[in-house]
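Undergrad: Questions regarding the structure given below will be posed in turn.
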Amino acid sequence: SFKLKRRFIMPIKHIKGKDLYEEIKKSELPIHVAKFSASWCNPCVHASNFIKSLEAEGKLNHAVIYEIDCEDDDSVDLSTRLGIRALPTFIKFSKDDKHEALDTRVGAASTEDILNFCKA
């Protein structure tokens, strides 16, 4: 019998802001979302739990979510350039060399919000 292999990826990849564009370039997945957050932010923690829940259900196999701590010295420049003013902020990026932001969402009220944002 034929079985599909499920890819085991981390639902959230913790990176430094300075590494975002290089990470997008390396990835083979079609959807790239940066989640800007901070350790003290309760809504950010809830959003991470929503993401982990979706991954456990196999609903995010097409996306990679890069978590970027806005307080990290290597991430402040990117957060500032992208105008991050509230947390969590999700930005969907194109994979082309321009790395343009395709969509932005501030906050995450449910797993459905995140799943809809991570669609192509």
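Residues are named by chain letter and number: chains run A, B, ... in the order of the structure tokens, numbers start at 1 in each chain, and ligands are numbered from 1 in the order shown.
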Considering only C-alpha atoms, give me a table of residues in range 17-51 of chain A that are at most 9 Å from range 78-102 of chain A, with the closest atom pair and distance in Å for each, as a tab-separated table.

TA:
residue	atom	partner	partner_atom	distance
A:Gly17	CA	A:Leu78	CA	5.7
A:Lys18	CA	A:Leu78	CA	6.8
A:Leu20	CA	A:Leu78	CA	8.9
A:Tyr21	CA	A:His99	CA	7.0
A:Ile24	CA	A:Lys95	CA	6.3
A:Lys25	CA	A:Lys95	CA	6.6
A:Ser27	CA	A:Lys95	CA	8.8
A:Pro30	CA	A:Lys95	CA	7.6
A:Ile31	CA	A:Lys92	CA	7.3
A:His32	CA	A:Phe93	CA	5.5
A:Val33	CA	A:Lys92	CA	4.4
A:Ala34	CA	A:Ile91	CA	5.2
A:Lys35	CA	A:Phe90	CA	4.5
A:Phe36	CA	A:Thr89	CA	5.2
A:Ser37	CA	A:Pro88	CA	4.9
A:Ala38	CA	A:Leu87	CA	7.4
A:Cys41	CA	A:Leu87	CA	7.2
A:Pro43	CA	A:Pro88	CA	6.7
A:Cys44	CA	A:Pro88	CA	5.2
A:Val45	CA	A:Pro88	CA	8.9
A:Ala47	CA	A:Pro88	CA	7.7

Undergrad: As a ChimeraX atom specification, which residues of chain A does DSSP assign to helix (DSSP H, G or I)?

TA: /A:17-26,42-56,76-81,111-117

Undergrad: Have a look at CA of Val76 in chain A and CA of Lys16 in chain A and let me know their distance in Å, one decimal.

TA: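 One can read the CA of Val76 in chain A to CA of Lys16 in chain A distance as 9.3 Å.
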
Undergrad: Please list as a list in words every residue within 10 Å of Lys59 in chain A, counting only C-alpha atoms and excluding residues in the same chain fewer than 4 positions away.

TA: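 Once the adjacent positions are removed, what remains is Pro11, Ile51, Lys52, Ser53, Leu54, Glu55, Ala63, Leu115 and Cys118 of chain A.
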
Undergrad: Looking at A:His62, A:Ser48, A:Cys70, A:Phe117, which one is nearest to Ile12 in chain A, with distances taken over only C-alpha atoms?

TA: A:Ser48

Undergrad: Just list as a list in words whatever in range 16-50 of chain A DSSP marks as strand (DSSP E).

TA: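 The residues of range 16-50 of chain A classed as strand (DSSP E) are Ile31, His32, Val33, Ala34, Lys35, Phe36 and Ser37 of chain A.
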
Undergrad: Now that the selection is made, can you save its residues with C-alpha atoms as a PDB file, in the first residue's frame?

TA:
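Wrote part_6.pdb, looks like this:
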ATOM      1  CA  ILE A  31       4.030  30.482   1.732  1.00  0.00           C
ATOM      2  CA  HIS A  32       6.363  32.601   3.890  1.00  0.00           C
ATOM      3  CA  VAL A  33       4.996  34.469   6.891  1.00  0.00           C
ATOM      4  CA  ALA A  34       6.984  36.537   9.365  1.00  0.00           C
ATOM      5  CA  LYS A  35       5.411  36.740  12.825  1.00  0.00           C
ATOM      6  CA  PHE A  36       6.753  39.716  14.750  1.00  0.00           C
ATOM      7  CA  SER A  37       6.359  39.243  18.497  1.00  0.00           C
TER       8      SER A  37
END

Undergrad: Considering only C-alpha atoms, state which residue in the set A:Ile68, A:Ile15, A:Asn42, A:Leu60 is at the smallest distance from Ala108 in chain A.

TA: A:Asn42

Undergrad: Mind checking which residues fall within 9 Å of His14 in chain A, counting only C-alpha atoms, ignoring those fewer than 4 positions away in the same chain, and posting them as a list in words?

TA: Ile65, Tyr66, Glu67, Ile68 and Asp69 of chain A

Undergrad: Would you save the residues of that selection, restricted to N, CA, C and O atoms, as a PDB file, in the first residue's frame?

TA:
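Listing of out.pdb after writing:
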ATOM      1  N   ILE A  65       6.431  29.690   9.041  1.00  0.00           N
ATOM      2  CA  ILE A  65       6.216  30.918   9.804  1.00  0.00           C
ATOM      3  C   ILE A  65       7.491  31.201  10.572  1.00  0.00           C
ATOM      4  O   ILE A  65       7.940  30.391  11.379  1.00  0.00           O
ATOM      5  N   TYR A  66       8.085  32.352  10.280  1.00  0.00           N
ATOM      6  CA  TYR A  66       9.320  32.771  10.930  1.00  0.00           C
ATOM      7  C   TYR A  66       8.946  33.674  12.091  1.00  0.00           C
ATOM      8  O   TYR A  66       8.344  34.721  11.891  1.00  0.00           O
ATOM      9  N   GLU A  67       9.300  33.274  13.306  1.00  0.00           N
ATOM     10  CA  GLU A  67       9.020  34.125  14.464  1.00  0.00           C
ATOM     11  C   GLU A  67      10.236  35.006  14.712  1.00  0.00           C
ATOM     12  O   GLU A  67      11.357  34.527  14.848  1.00  0.00           O
ATOM     13  N   ILE A  68       9.961  36.307  14.776  1.00  0.00           N
ATOM     14  CA  ILE A  68      11.023  37.292  14.953  1.00  0.00           C
ATOM     15  C   ILE A  68      10.718  38.097  16.206  1.00  0.00           C
ATOM     16  O   ILE A  68       9.663  38.720  16.310  1.00  0.00           O
ATOM     17  N   ASP A  69      11.648  38.065  17.155  1.00  0.00           N
ATOM     18  CA  ASP A  69      11.501  38.805  18.404  1.00  0.00           C
ATOM     19  C   ASP A  69      11.892  40.256  18.144  1.00  0.00           C
ATOM     20  O   ASP A  69      13.054  40.554  17.869  1.00  0.00           O
TER      21      ASP A  69
END
